[in-house]
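Novice: Below you'll find query_23.cif; it's mmCIF, C-alpha atoms.
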data_structure
loop_
_atom_site.label_atom_id
_atom_site.label_comp_id
_atom_site.auth_asym_id
_atom_site.auth_seq_id
_atom_site.Cartn_x
_atom_site.Cartn_y
_atom_site.Cartn_z
CA MET A 274 17.03 24.76 -121.76
CA PRO A 275 15.82 21.30 -120.76
CA ARG A 276 12.14 20.62 -120.55
CA TYR A 277 10.42 19.86 -117.24
CA GLU A 278 7.00 18.80 -116.08
CA LEU A 279 5.44 19.98 -112.83
CA ALA A 280 2.72 17.72 -111.44
CA LEU A 281 0.95 19.93 -108.95
CA ILE A 282 -1.67 18.86 -106.44
CA LEU A 283 -3.54 21.82 -104.97
CA LYS A 284 -5.90 21.98 -102.04
CA THR A 285 -9.63 21.87 -102.87
CA MET A 286 -10.62 25.51 -102.91
CA GLN A 287 -13.02 27.85 -104.65
CA ARG A 288 -12.38 28.44 -108.33
CA THR A 289 -11.04 31.95 -107.76
CA GLU A 290 -8.61 30.81 -105.11
CA THR A 291 -7.35 27.92 -107.27
CA ALA A 292 -6.86 30.37 -110.13
CA SER A 293 -4.85 32.71 -107.92
CA ALA A 294 -2.72 29.81 -106.63
CA ILE A 295 -1.87 28.74 -110.18
CA ARG A 296 -1.18 32.33 -111.15
CA ARG A 297 1.25 32.62 -108.25
CA THR A 298 3.05 29.45 -109.31
CA VAL A 299 3.34 30.48 -112.95
CA GLU A 300 4.51 33.96 -111.99
CA ALA A 301 7.16 32.47 -109.72
CA LEU A 302 8.36 30.32 -112.61
CA LEU A 303 8.45 33.19 -115.08
CA GLU A 304 10.23 35.36 -112.53
CA ARG A 305 13.06 32.81 -112.39
CA GLY A 306 13.44 32.70 -116.14
CA ALA A 307 11.29 29.74 -117.17
CA VAL A 308 9.20 29.53 -120.32
CA VAL A 309 5.82 27.92 -119.71
CA ARG A 310 4.64 25.77 -122.60
CA ASN A 311 1.37 24.30 -121.44
CA LEU A 312 -0.92 24.14 -118.43
CA GLU A 313 -3.40 21.27 -118.13
CA SER A 314 -6.00 20.58 -115.50
CA LEU A 315 -6.61 16.94 -114.68
CA GLY A 316 -9.64 17.84 -112.59
CA GLU A 317 -10.45 17.64 -108.92
CA ARG A 318 -10.20 14.07 -107.65
CA THR A 319 -10.09 12.20 -104.38
CA LEU A 320 -6.49 11.60 -103.47
CA PRO A 321 -5.31 7.94 -103.55
CA TYR A 322 -4.32 8.25 -99.89
CA LYS A 323 -4.79 10.93 -97.26
CA MET A 324 -1.95 13.44 -97.24
CA SER A 325 -0.94 15.73 -94.42
CA LYS A 326 0.58 19.06 -95.36
CA HIS A 327 0.86 22.39 -93.53
CA ASN A 328 -0.96 21.02 -90.46
CA GLN A 329 -3.93 19.89 -92.49
CA ARG A 330 -5.23 16.51 -93.59
CA HIS A 331 -6.32 16.39 -97.24
CA SER A 332 -8.47 13.76 -98.91
CA THR A 333 -9.32 15.59 -102.14
CA GLY A 334 -7.23 17.78 -104.40
CA GLY A 335 -7.01 19.50 -107.74
CA TYR A 336 -4.47 17.99 -110.16
CA PHE A 337 -2.58 20.26 -112.54
CA LEU A 338 0.16 19.59 -115.07
CA LEU A 339 2.58 22.33 -116.05
CA ASP A 340 4.98 21.95 -118.97
CA PHE A 341 7.90 24.35 -118.99
CA ASP A 342 11.47 24.95 -120.15
CA ALA A 343 13.84 26.22 -117.49
CA PRO A 344 17.51 26.42 -116.57
CA PRO A 345 18.30 23.54 -114.22
CA THR A 346 19.63 25.88 -111.51
CA ILE A 347 16.15 27.15 -110.61
CA ILE A 348 14.68 23.73 -109.84
CA PRO A 349 15.76 23.47 -106.16
CA THR A 350 14.62 27.05 -105.49
CA MET A 351 11.32 26.35 -107.22
CA LEU A 352 10.70 23.22 -105.13
CA ASP A 353 11.50 25.19 -101.99
CA HIS A 354 9.04 27.92 -103.02
CA LEU A 355 6.30 25.38 -103.73
CA GLY A 356 6.96 23.65 -100.43
CA ARG A 357 6.29 26.90 -98.61
CA ASP A 358 3.02 27.63 -100.42
CA ILE A 359 0.16 26.58 -98.11
CA ASP A 360 -2.22 25.86 -100.98
CA VAL A 361 0.04 23.26 -102.56
CA ILE A 362 -0.29 19.70 -101.25
CA ARG A 363 2.33 17.93 -103.34
CA PRO A 364 4.59 19.42 -106.00
CA THR A 365 6.76 17.17 -108.16
CA ILE A 366 9.11 18.33 -110.90
CA LEU A 367 10.17 15.71 -113.42
CA LYS A 368 12.26 15.83 -116.53
CA HIS A 369 10.12 15.65 -119.62
CA CYS A 370 10.95 12.35 -121.30
CA THR A 371 9.91 11.26 -124.77
CA PRO A 372 9.06 7.56 -124.72
CA GLU A 373 11.40 5.34 -126.76
CA THR A 374 10.04 3.94 -130.00
CA ASP A 375 9.59 0.18 -130.07
CA GLU A 376 10.55 -0.21 -133.73
CA ASN A 377 13.83 -1.97 -133.03
CA CYS A 378 12.38 -4.24 -130.39
CA PRO A 379 13.33 -7.84 -131.27
CA GLY A 380 10.37 -9.24 -129.33
CA LEU A 381 10.27 -12.03 -126.78
CA LEU A 382 13.40 -14.04 -127.47
CA GLN A 383 14.17 -17.49 -126.15
CA PRO A 384 17.34 -17.42 -124.02
CA ASP A 385 20.47 -18.67 -125.77
CA TYR A 386 20.98 -21.95 -123.93
CA GLU A 387 24.15 -22.92 -125.80
CA ALA A 388 25.92 -19.75 -124.75
CA LYS A 389 24.66 -20.15 -121.19
CA PHE A 390 26.01 -23.62 -120.73
CA GLN A 391 29.41 -22.86 -122.24
CA SER A 392 32.05 -21.99 -119.72
CA LYS A 393 33.11 -18.35 -119.91
CA ARG A 394 36.52 -19.11 -118.46
CA LYS A 395 39.23 -19.61 -121.07
CA MET B 298 53.00 -74.65 -164.54
CA TRP B 299 51.88 -71.96 -162.12
CA ARG B 300 51.32 -68.70 -163.78
CA ALA B 301 51.59 -65.53 -161.84
CA VAL B 302 48.10 -64.54 -160.88
CA ARG B 303 47.32 -60.92 -160.74
CA LYS B 304 45.16 -59.95 -157.83
CA TRP B 305 41.68 -59.26 -158.93
CA ARG B 306 40.54 -55.78 -158.21
CA PRO B 307 37.46 -54.04 -159.42
CA VAL B 308 37.97 -51.48 -162.11
CA TYR B 309 37.10 -48.45 -160.06
CA TRP B 310 39.91 -49.23 -157.58
CA GLN B 311 42.47 -48.45 -160.23
CA LYS B 312 44.61 -45.46 -159.55
CA GLY B 313 43.68 -42.38 -161.47
CA ILE B 314 39.92 -42.74 -161.23
CA SER B 315 38.48 -40.60 -158.48
CA THR B 316 35.68 -42.12 -156.39
CA GLN B 317 34.06 -38.72 -155.93
CA ARG B 318 31.70 -37.52 -158.55
CA ILE B 319 32.74 -34.45 -160.44
CA PRO B 320 29.73 -32.13 -160.76
CA SER B 321 28.89 -31.36 -164.32
CA THR B 322 28.93 -27.69 -165.20
CA SER B 323 25.92 -27.97 -167.51
CA ASN B 324 22.39 -28.76 -166.25
CA THR B 325 22.21 -26.51 -163.12
CA SER B 326 18.49 -25.75 -163.49
CA ASP B 327 17.30 -28.13 -160.76
CA THR B 328 19.83 -27.26 -158.01
CA PRO B 329 18.12 -25.91 -154.83
CA ILE B 330 17.87 -22.11 -154.47
CA THR B 331 18.80 -20.65 -151.09
CA LEU B 332 15.81 -18.78 -149.60
CA GLU B 333 15.05 -17.33 -146.23
CA ASN B 334 12.53 -19.53 -144.41
CA PRO B 335 9.19 -18.48 -146.01
CA TYR B 336 7.20 -20.00 -143.15
CA LYS B 337 9.03 -18.02 -140.51
CA GLU B 338 6.66 -16.64 -137.86
CA PRO B 339 6.88 -12.95 -136.99
CA PRO B 340 8.77 -12.42 -133.71
CA LYS B 341 6.56 -12.75 -130.64
CA LYS B 342 5.98 -9.41 -128.95
CA CYS B 343 4.81 -8.70 -125.45
CA ILE B 344 1.41 -6.99 -124.94
CA LEU B 345 2.89 -3.56 -124.37
CA CYS B 346 5.01 -3.48 -127.53
CA GLY B 347 4.24 -0.14 -129.19
CA VAL B 348 2.36 1.19 -126.15
CA SER B 349 4.12 4.02 -124.31
CA VAL B 350 4.05 3.68 -120.54
CA ASP B 351 3.33 6.90 -118.62
CA TYR B 352 2.93 7.56 -114.89
CA LYS B 353 -0.23 9.55 -115.69
CA ASN B 354 -2.41 6.74 -117.06
CA VAL B 355 -3.14 5.09 -113.78
CA GLN B 356 -5.65 2.72 -115.39
CA LEU B 357 -2.95 0.99 -117.43
CA LEU B 358 -0.63 0.78 -114.45
CA SER B 359 -3.41 -0.58 -112.24
CA GLN B 360 -3.78 -3.59 -114.53
CA PHE B 361 -0.37 -4.81 -113.33
CA ILE B 362 -0.97 -4.63 -109.59
CA SER B 363 -2.81 -6.97 -107.28
CA PRO B 364 -6.38 -5.85 -106.52
CA TYR B 365 -6.09 -7.09 -102.93
CA THR B 366 -2.70 -5.86 -101.81
CA GLY B 367 -1.68 -3.37 -104.51
CA ARG B 368 1.64 -5.13 -105.04
CA ILE B 369 3.27 -5.08 -108.47
CA PHE B 370 3.13 -8.42 -110.29
CA GLY B 371 6.37 -10.12 -111.25
CA ARG B 372 7.52 -10.94 -114.77
CA HIS B 373 6.23 -14.50 -114.60
CA ILE B 374 2.70 -13.21 -114.01
CA THR B 375 2.56 -10.21 -116.33
CA GLY B 376 4.35 -11.89 -119.25
CA LEU B 377 6.10 -8.67 -120.26
CA CYS B 378 9.54 -8.38 -121.77
CA GLY B 379 12.42 -7.03 -119.67
CA LYS B 380 12.26 -3.41 -120.81
CA LYS B 381 8.50 -2.99 -120.45
CA GLN B 382 8.41 -4.65 -117.05
CA LYS B 383 11.02 -2.18 -115.84
CA HIS B 384 9.11 0.78 -117.33
CA ILE B 385 5.87 -0.33 -115.70
CA SER B 386 7.51 -0.92 -112.36
CA LYS B 387 9.22 2.48 -112.40
CA ALA B 388 6.06 4.26 -113.54
CA ILE B 389 4.00 2.64 -110.78
CA LYS B 390 6.50 3.70 -108.14
CA LYS B 391 6.59 7.23 -109.56
CA ALA B 392 2.80 7.52 -109.67
CA GLN B 393 2.50 6.23 -106.10
CA GLN B 394 5.02 8.71 -104.78
CA MET B 395 3.54 11.67 -106.66
CA GLY B 396 0.00 11.07 -105.40
CA PHE B 397 -1.57 9.70 -108.58
CA MET B 398 -1.96 6.08 -107.58
CA SER B 399 -2.67 4.31 -104.32
CA VAL B 400 -0.14 1.98 -102.78
CA THR B 401 -2.10 -0.56 -100.77
CA PHE B 402 -5.05 -1.25 -103.04
CA LYS B 403 -6.33 -0.96 -106.58
CA ASP B 404 -8.68 1.94 -107.36
CA PRO B 405 -12.25 0.53 -107.19
CA THR B 406 -13.20 2.14 -110.52
CA PHE B 407 -10.53 -0.01 -112.22
CA LEU B 408 -11.53 -3.33 -110.67
CA LYS B 409 -13.73 -4.29 -113.62
CA ASP B 410 -10.90 -3.90 -116.14
CA PRO B 411 -9.98 -6.89 -118.34
CA ASN B 412 -7.41 -9.16 -116.76
CA ILE B 413 -4.13 -9.13 -118.69
CA CYS B 414 -1.98 -10.91 -116.18
CA ASP B 415 -1.86 -14.59 -115.36
CA PHE B 416 -3.84 -14.00 -112.19
CA LYS B 417 -7.10 -15.58 -111.09
CA LEU B 418 -9.48 -13.66 -108.88
CA ARG B 419 -10.98 -15.62 -106.02
CA GLU B 420 -14.76 -15.76 -106.23
#
Taking this structure as input, can you express it in the form of structure tokens?
Specialist:
Amino acid sequence: MPRYELALILKTMQRTETASAIRRTVEALLERGAVVRNLESLGERTLPYKMSKHNQRHSTGGYFLLDFDAPPTIIPTMLDHLGRDIDVIRPTILKHCTPETDENCPGLLQPDYEAKFQSKRK
Amino acid sequence: MWRAVRKWRPVYWQKGISTQRIPSTSNTSDTPITLENPYKEPPKKCILCGVSVDYKNVQLLSQFISPYTGRIFGRHITGLCGKKQKHISKAIKKAQQMGFMSVTFKDPTFLKDPNICDFKLRE
């Protein structure tokens, strides 16, 4: 199963309500056959720009990061479910990508002027 | 009585003597050894070589945007190599869309960061 990352922005609420919102999300994931690896909280921050969602204007939100493995068929249904949840401001599901190693990087090379000025036509 | 005069030619013009020197097989101790250039400089790397670019570290991404307009700097200003410039650009767009980074300005907490790019702030 491929690995995904859910960047969740929740409405600023009381601790208990935030906990119940996250519990709902995780339960929905598990219900659809996902395996949750890790849940991180990035804290409650002011949003970079005001967002309108579910007839409300939000300027602060709680950021959460959810790492999970899931079959790719559940992703559209999951996004739909999160879109309906009134406590969620912005859900985004991304593929988990491992950054490429820079060991084989040749560095900043000068362009090959000789090849450039030679005509490519035979 | 005229005698037939042979044309004078220097000795080394005679046929049979080659004008090229034949290298001697003995005495090869002072011939130059082929080496790779020992004074070669290590290849120049851009500032982000070895640094992984992520949409989550907004501070790193904010170093490559204008503090006034929030626009992404071009390659001639950042001085990054092709791959890293693309990664940064994609990560900034991703972060902006996901609600991690602002679009029209630079986060005020990051304004005091060291200036990597070839960009002078107006005083």
Novice: Point out the residue among B:Asp404, B:Asp351, B:Glu420, B:Asp410 with the least atom-to-atom distance to B:Ser386, counting all atoms listed in the file.
Specialist: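 Of B:Asp404, B:Asp351, B:Glu420, B:Asp410, the one nearest B:Ser386 is B:Asp351, counting all atoms listed in the file.
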Novice: Name the residues that the PyMOL selection byres ((chain B) within 6 of (chain A)) picks from the file above, as a PyMOL selection string, using the file's chain letters and numbers.
Specialist: chain B and resi 340-342+347+398-399
Novice: Specify as a list in words each residue included when the PyMOL selection byres ((chain A and resi 286-294) around 10) is applied to this file.
Specialist: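 On this input, the PyMOL selection byres ((chain A and resi 286-294) around 10) captures Leu283, Lys284, Thr285, Ile295, Arg296, Arg297, Thr298, Val299, Glu300, Glu317, Gly334, Gly335, Asp358, Ile359, Asp360 and Val361 of chain A.
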Novice: What is the distance between atom CA of B:Asn412 and atom CA of B:Lys380, in Å to one decimal?
Specialist: 20.9 Å
Novice: I need the residue set behind the PyMOL selection byres ((chain A and resi 306) around 12) for this file; please write it as a PyMOL selection string.
Specialist: chain A and resi 274+299-305+307-309+341-348+351
Novice: For a quick check of understanding, using all atoms listed in the file, which of A:His327, A:Arg357, A:His369, A:Arg394 has the smallest distance to A:Asp340?
Specialist: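 Using all atoms listed in the file, the shortest distance to A:Asp340 belongs to A:His369.
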Novice: Find the residues around B:Thr401 up to 9 Å (only C-alpha atoms counted), leave out those fewer than 5 positions away in its own chain, and share them as a tab-separated table (two decimals) with C-alpha atoms, in the coordinates of the input.
Specialist:
chain	number	residue	atom	x	y	z
B	364	PRO	CA	-6.38	-5.85	-106.52
B	365	TYR	CA	-6.09	-7.09	-102.93
B	366	THR	CA	-2.70	-5.86	-101.81
B	367	GLY	CA	-1.68	-3.37	-104.51
B	368	ARG	CA	1.64	-5.13	-105.04
Novice: What gap, in Å, lies between atom CA of A:Ser332 and atom CA of B:Phe370?
Specialist: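 Interatomic distance, atom CA of A:Ser332 to atom CA of B:Phe370: 27.5 Å.
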Novice: Looking at B:Leu418, B:Ala301, B:Ile369, B:Val355, which one is nearest to B:Met395, with distances taken over only C-alpha atoms?
Specialist: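 Closest to B:Met395 of all the choices is B:Val355.
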Novice: Please compute the atom CA of B:Lys383-atom CA of A:Tyr277 distance, one decimal, in Å.
Specialist: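 A separation of 22.1 Å between them.
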Novice: Calculated over all atoms listed in the file, which of the candidates B:Val348, B:His384, B:Lys390, B:Cys343 has the smallest distance to B:Cys414?
Specialist: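 With all atoms listed in the file as the atom set, the closest residue is B:Cys343.
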Novice: Between B:Val400, B:Val302, B:Leu377, B:Leu358, which is the closest to B:Asp415 once you count all atoms listed in the file?
Specialist: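 Using all atoms listed in the file, B:Asp415 sits closest to B:Leu377.
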Novice: Find the spatial neighbours of B:Tyr352, counting all atoms listed in the file, within a cut-off of 9 Å - ignore same-chain residues fewer than 6 positions away - and output them as a list in words.
Specialist: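 That gives Leu358, Ile385, Lys387, Ala388, Ile389, Lys390, Lys391, Ala392, Gln393, Phe397 and Met398 of chain B.
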Novice: I need the residue nearest B:Lys353 from this list: B:Leu408, B:Trp299, B:Gly396, B:Trp305. Use only C-alpha atoms for the distance.
Specialist: B:Gly396
